[in-house]
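Inspection log for the structure reproduced underneath, given as structure tokens.
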Amino acid sequence: MADIGTKDLTISFFTDADLWPAKMRNALFCDALQQTIYIRQLMGASSIACKVKPVGCRTSIRNLIWRDCWLAIGDAARTIDPLSGGGVARAITDGIDAADAISIALTRSDFGPLRAFAVQRANSFFDNLEVQREYYSRESRWQVSEFWRRRTEPLSDPSESRTRMAYTKVST
Ligand SMILES: Cc1cc2nc3c(=O)[nH]c(=O)nc-3n(C[C@H](O)[C@H](O)[C@H](O)COP(=O)(O)OP(=O)(O)OC[C@H]3O[C@@H](n4cnc5c(N)ncnc54)[C@H](O)[C@@H]3O)c2cc1C
């Protein structure tokens with residue numbers, strides 16, 4: 001929940017899009033809100049006027065992070081869903097490292113650091129996925145929830161994420 005400095009409040013509810021069909025989103029959100037204790041109190045009467053706006057933040061990575069004079073950083077390069085945190089730190093670090101790599105490319109026509117940046121991000125994405133699974137596995141409160149079942153069931157093929165890492169490395 002965030003006070004964004006206007007009379008509006010923003011409340012984030014994480015789910016999978018297919019679990020909340022478009023036509024039922026407002027009703028499902030109101031229902032979820034009714035199950036809260038503190039957020040419902042903080043919202044007071046404004047809960048009546050709440051409007052659901054879906055925003056994507058699923059875990060994903062671009063096939064290409066760098067090419068020629070084009071570089072993706074922060075969430076534009078890869079997003080780890082916000083449940084496991086770290087997105088702001090990754091974005092800041094990317095900005096700092098990208099500035100150095102761009103500077104070297106411009107002053108020395110050396111594109112190695114840009115490529116290294118992209119490969120490092122692709123590698124670390126899959127390390128981040130392992131941290132994410134570790135976070136998920138610690139959550140045991142909602143075992144009947146489909147959302148959490150999807151996040152805690154064992155990987156069918158534990159080597160899958162490493163295979164995809166190899167693919168992404170080739171692409172960068
Ligand atoms: C609900 C939620 C909660 C989160 N909680 C946390 C948390 O607790 N801790 C944490 O570390 N991370 C959290 N994250 C993740 C974190 O917010 C992101 O990882 C981080 O903000 C990414 O920074 P960024 O600069 O890459 O992208 P952004 O913060 O998305 O910034 C991109 C900016 O570019 C602007 N923009 C887009 N298109 C254009 C265009 N064409 N022209 C000009 N401007 C454009 C956008 O308006 C935006 O201001 C959360 C994310 C969500 C969705």
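Residues are referred to by chain and number: the chain letter is A, B, ... according to the order shown in the structure tokens, the number counts from 1 in that chain, and ligands are numbered separately from 1 in the order shown.
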Next on the checklist: Could you list, as a list of chain:residue names, every residue within 12 Å of Thr15 in chain A, counting only C-alpha atoms and ignoring same-chain residues fewer than 3 positions away?
Outcome noted: A:Ser12, A:Asp18, A:Leu19, A:Trp20, A:Pro21, A:Arg25, A:Leu28, A:Phe29, A:Ala32, A:Pro54, A:Val55, A:Gly56, A:Cys57, A:Arg58, A:Asp81, A:Pro82, A:Leu83, A:Ser145, A:Glu146, A:Phe147, A:Trp148, A:Arg150, A:Arg151
*Identify, counting only C-alpha atoms and all ligand atoms, the protein, DNA and RNA residues located within 12 Å of ligand 1, and give them as an MDAnalysis selection string.*
chainID A and resid 1:2 10:15 53:60 72:96
Could you turn the residues from that selection into a file that holds N, CA and C atoms, as a CSV table (one decimal), in the first residue's frame?
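Contents of the output file again_17.csv:
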```
chain,number,residue,atom,x,y,z
A,1,MET,N,0.9,-1.2,0.0
A,1,MET,CA,0.0,0.0,0.0
A,1,MET,C,0.9,1.2,0.0
A,2,ALA,N,0.6,2.2,-0.9
A,2,ALA,CA,1.5,3.4,-0.9
A,2,ALA,C,0.6,4.7,-1.0
A,10,THR,N,-2.5,3.8,-3.6
A,10,THR,CA,-2.2,2.7,-4.5
A,10,THR,C,-2.1,1.4,-3.6
A,11,ILE,N,-2.8,0.4,-3.9
A,11,ILE,CA,-2.7,-0.9,-3.2
A,11,ILE,C,-2.3,-1.9,-4.2
A,12,SER,N,-1.2,-2.7,-3.9
A,12,SER,CA,-0.8,-3.7,-4.9
A,12,SER,C,-1.3,-5.1,-4.4
A,13,PHE,N,-1.8,-5.8,-5.3
A,13,PHE,CA,-2.2,-7.2,-5.0
A,13,PHE,C,-1.6,-8.1,-6.0
A,14,PHE,N,-0.7,-9.0,-5.6
A,14,PHE,CA,0.0,-9.9,-6.6
A,14,PHE,C,-0.8,-11.1,-6.8
A,15,THR,N,-1.0,-11.4,-8.1
A,15,THR,CA,-1.6,-12.6,-8.5
A,15,THR,C,-1.2,-13.0,-9.9
A,53,LYS,N,-6.4,-1.8,-11.7
A,53,LYS,CA,-5.7,-1.6,-13.0
A,53,LYS,C,-4.6,-2.7,-13.0
A,54,PRO,N,-4.7,-3.6,-13.9
A,54,PRO,CA,-3.6,-4.6,-14.0
A,54,PRO,C,-2.3,-4.1,-14.6
A,55,VAL,N,-1.2,-4.5,-13.9
A,55,VAL,CA,0.1,-4.1,-14.4
A,55,VAL,C,1.0,-5.3,-14.3
A,56,GLY,N,1.7,-5.6,-15.4
A,56,GLY,CA,2.5,-6.8,-15.5
A,56,GLY,C,3.8,-6.6,-14.7
A,57,CYS,N,4.2,-7.6,-13.9
A,57,CYS,CA,5.5,-7.5,-13.3
A,57,CYS,C,6.1,-8.9,-13.2
A,58,ARG,N,5.8,-9.8,-14.2
A,58,ARG,CA,6.2,-11.2,-14.1
A,58,ARG,C,7.7,-11.3,-14.3
A,59,THR,N,8.2,-12.4,-13.8
A,59,THR,CA,9.6,-12.7,-13.9
A,59,THR,C,9.9,-13.0,-15.4
A,60,SER,N,10.8,-12.2,-15.9
A,60,SER,CA,11.1,-12.4,-17.3
A,60,SER,C,12.5,-11.8,-17.7
A,72,ALA,N,19.8,-2.7,-22.7
A,72,ALA,CA,18.7,-2.6,-21.8
A,72,ALA,C,19.3,-2.8,-20.3
A,73,ILE,N,18.7,-2.0,-19.4
A,73,ILE,CA,19.2,-2.1,-18.0
A,73,ILE,C,17.9,-2.1,-17.1
A,74,GLY,N,18.2,-2.5,-15.8
A,74,GLY,CA,17.1,-2.5,-14.9
A,74,GLY,C,16.0,-3.5,-15.3
A,75,ASP,N,14.8,-3.1,-15.0
A,75,ASP,CA,13.6,-4.0,-15.3
A,75,ASP,C,13.5,-4.2,-16.8
A,76,ALA,N,14.0,-3.2,-17.6
A,76,ALA,CA,13.9,-3.4,-19.0
A,76,ALA,C,14.8,-4.5,-19.5
A,77,ALA,N,15.8,-4.9,-18.8
A,77,ALA,CA,16.6,-6.0,-19.1
A,77,ALA,C,16.0,-7.3,-18.6
A,78,ARG,N,15.6,-7.3,-17.3
A,78,ARG,CA,15.0,-8.5,-16.7
A,78,ARG,C,14.3,-8.1,-15.5
A,79,THR,N,13.2,-8.8,-15.2
A,79,THR,CA,12.4,-8.5,-14.0
A,79,THR,C,12.3,-9.7,-13.2
A,80,ILE,N,12.5,-9.6,-11.9
A,80,ILE,CA,12.2,-10.7,-11.0
A,80,ILE,C,11.0,-10.2,-10.2
A,81,ASP,N,10.0,-11.1,-10.1
A,81,ASP,CA,8.7,-10.5,-9.6
A,81,ASP,C,9.0,-10.0,-8.2
A,82,PRO,N,8.2,-8.9,-7.8
A,82,PRO,CA,8.6,-8.1,-6.6
A,82,PRO,C,8.5,-8.9,-5.3
A,83,LEU,N,8.0,-10.1,-5.3
A,83,LEU,CA,7.9,-10.8,-4.0
A,83,LEU,C,9.3,-11.1,-3.4
A,84,SER,N,10.3,-11.2,-4.2
A,84,SER,CA,11.6,-11.5,-3.7
A,84,SER,C,12.5,-10.3,-3.6
A,85,GLY,N,12.0,-9.1,-3.9
A,85,GLY,CA,12.7,-7.8,-3.7
A,85,GLY,C,14.0,-7.7,-4.6
A,86,GLY,N,14.7,-6.6,-4.3
A,86,GLY,CA,16.0,-6.4,-4.9
A,86,GLY,C,16.0,-5.7,-6.2
A,87,GLY,N,14.8,-5.4,-6.8
A,87,GLY,CA,14.7,-4.7,-8.1
A,87,GLY,C,15.3,-3.3,-8.1
A,88,VAL,N,15.2,-2.6,-7.0
A,88,VAL,CA,15.7,-1.2,-7.0
A,88,VAL,C,17.2,-1.2,-7.0
A,89,ALA,N,17.8,-2.1,-6.1
A,89,ALA,CA,19.3,-2.3,-6.1
A,89,ALA,C,19.8,-2.7,-7.4
A,90,ARG,N,19.1,-3.6,-8.1
A,90,ARG,CA,19.6,-4.1,-9.4
A,90,ARG,C,19.6,-3.0,-10.4
A,91,ALA,N,18.5,-2.2,-10.3
A,91,ALA,CA,18.4,-1.1,-11.3
A,91,ALA,C,19.5,0.0,-11.1
A,92,ILE,N,19.8,0.3,-9.8
A,92,ILE,CA,20.8,1.3,-9.5
A,92,ILE,C,22.2,0.8,-10.0
A,93,THR,N,22.5,-0.5,-9.6
A,93,THR,CA,23.8,-1.1,-10.0
A,93,THR,C,23.9,-1.1,-11.5
A,94,ASP,N,22.8,-1.5,-12.2
A,94,ASP,CA,22.9,-1.5,-13.7
A,94,ASP,C,23.2,-0.1,-14.2
A,95,GLY,N,22.6,0.9,-13.7
A,95,GLY,CA,22.8,2.3,-14.1
A,95,GLY,C,24.2,2.7,-14.0
A,96,ILE,N,24.8,2.4,-12.8
A,96,ILE,CA,26.2,2.7,-12.6
A,96,ILE,C,27.2,2.0,-13.5
```
For this session: Please identify all polymer residues within 10 Å of Ile104 in chain A, counting only C-alpha atoms, omitting same-chain residues fewer than 6 positions from it, and present them as a PyMOL selection string.
Result: chain A and resi 98+110-114
Write the residues you've just listed into a file as a PDB file, in the first residue's frame, and include C-alpha atoms for each of them.
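Result file again_4.pdb:
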```
ATOM      1  CA  ALA A  98      26.143   0.695 -17.761  1.00  0.00           C
ATOM      2  CA  ASP A 110      35.735  -0.984 -27.043  1.00  0.00           C
ATOM      3  CA  PHE A 111      32.396  -2.796 -26.878  1.00  0.00           C
ATOM      4  CA  GLY A 112      33.713  -5.600 -24.660  1.00  0.00           C
ATOM      5  CA  PRO A 113      32.362  -4.086 -21.428  1.00  0.00           C
ATOM      6  CA  LEU A 114      28.889  -3.718 -22.973  1.00  0.00           C
TER       7      LEU A 114
END
```
(message) Using DSSP assignments from the backbone, pull out every residue in chain A that falls under strand (DSSP E) and give it to me as JSON, numbers by chain.
(response) {"A": [2, 3, 9, 10, 60, 61, 66, 67, 70, 71, 78, 79]}
Could you pull out all residues of range 82-150 of chain A with a DSSP call of helix (DSSP H, G or I) and give them as a short mmCIF file (atom, residue, chain, number, x, y, z; two decimals) with C-alpha atoms, in the first residue's frame?
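The resulting file, states_8.cif, is reproduced below:
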```cif
data_model
loop_
_atom_site.label_atom_id
_atom_site.label_comp_id
_atom_site.auth_asym_id
_atom_site.auth_seq_id
_atom_site.Cartn_x
_atom_site.Cartn_y
_atom_site.Cartn_z
CA PRO A 82 8.59 -8.12 -6.61
CA LEU A 83 7.90 -10.82 -3.99
CA SER A 84 11.61 -11.49 -3.66
CA GLY A 87 14.73 -4.71 -8.07
CA VAL A 88 15.70 -1.19 -6.99
CA ALA A 89 19.26 -2.25 -6.06
CA ARG A 90 19.62 -4.10 -9.39
CA ALA A 91 18.39 -1.06 -11.32
CA ILE A 92 20.82 1.29 -9.55
CA THR A 93 23.78 -1.06 -9.99
CA ASP A 94 22.87 -1.49 -13.65
CA GLY A 95 22.79 2.28 -14.14
CA ILE A 96 26.24 2.73 -12.59
CA ASP A 97 27.82 -0.21 -14.47
CA ALA A 98 26.14 0.70 -17.76
CA ALA A 99 27.48 4.26 -17.54
CA ASP A 100 31.04 2.91 -17.23
CA ALA A 101 30.56 0.46 -20.11
CA ILE A 102 29.02 3.13 -22.35
CA SER A 103 31.84 5.54 -21.51
CA ILE A 104 34.45 2.96 -22.57
CA ALA A 105 32.53 2.20 -25.79
CA LEU A 106 32.35 5.90 -26.67
CA THR A 107 35.90 6.88 -25.77
CA ARG A 108 37.81 3.75 -26.84
CA GLY A 112 33.71 -5.60 -24.66
CA PRO A 113 32.36 -4.09 -21.43
CA LEU A 114 28.89 -3.72 -22.97
CA ARG A 115 28.90 -7.37 -23.96
CA ALA A 116 30.27 -8.38 -20.54
CA PHE A 117 27.50 -6.34 -18.92
CA ALA A 118 24.84 -8.25 -20.88
CA VAL A 119 26.35 -11.68 -20.23
CA GLN A 120 26.76 -10.95 -16.50
CA ARG A 121 23.09 -9.87 -16.25
CA ALA A 122 21.92 -12.98 -18.08
CA ASN A 123 23.94 -15.17 -15.71
CA SER A 124 22.85 -13.37 -12.58
CA PHE A 125 19.19 -13.57 -13.63
CA PHE A 126 19.28 -17.32 -13.19
CA ASP A 127 21.10 -16.98 -9.87
CA ASN A 128 18.31 -14.60 -8.84
CA LEU A 129 15.74 -17.26 -9.82
CA GLU A 130 17.34 -19.64 -7.37
CA VAL A 131 17.13 -17.01 -4.61
CA GLN A 132 13.51 -16.42 -5.61
CA ARG A 133 12.67 -20.13 -5.26
CA GLU A 134 14.36 -20.11 -1.88
CA TYR A 135 12.12 -17.22 -0.77
CA TYR A 136 9.05 -18.95 -2.15
CA SER A 137 9.87 -22.21 -0.40
CA GLU A 146 -3.12 -21.91 -6.49
CA PHE A 147 -0.83 -18.87 -6.68
CA TRP A 148 1.50 -20.32 -4.06
CA ARG A 149 1.17 -23.91 -5.28
CA ARG A 150 2.63 -22.76 -8.61
#
```
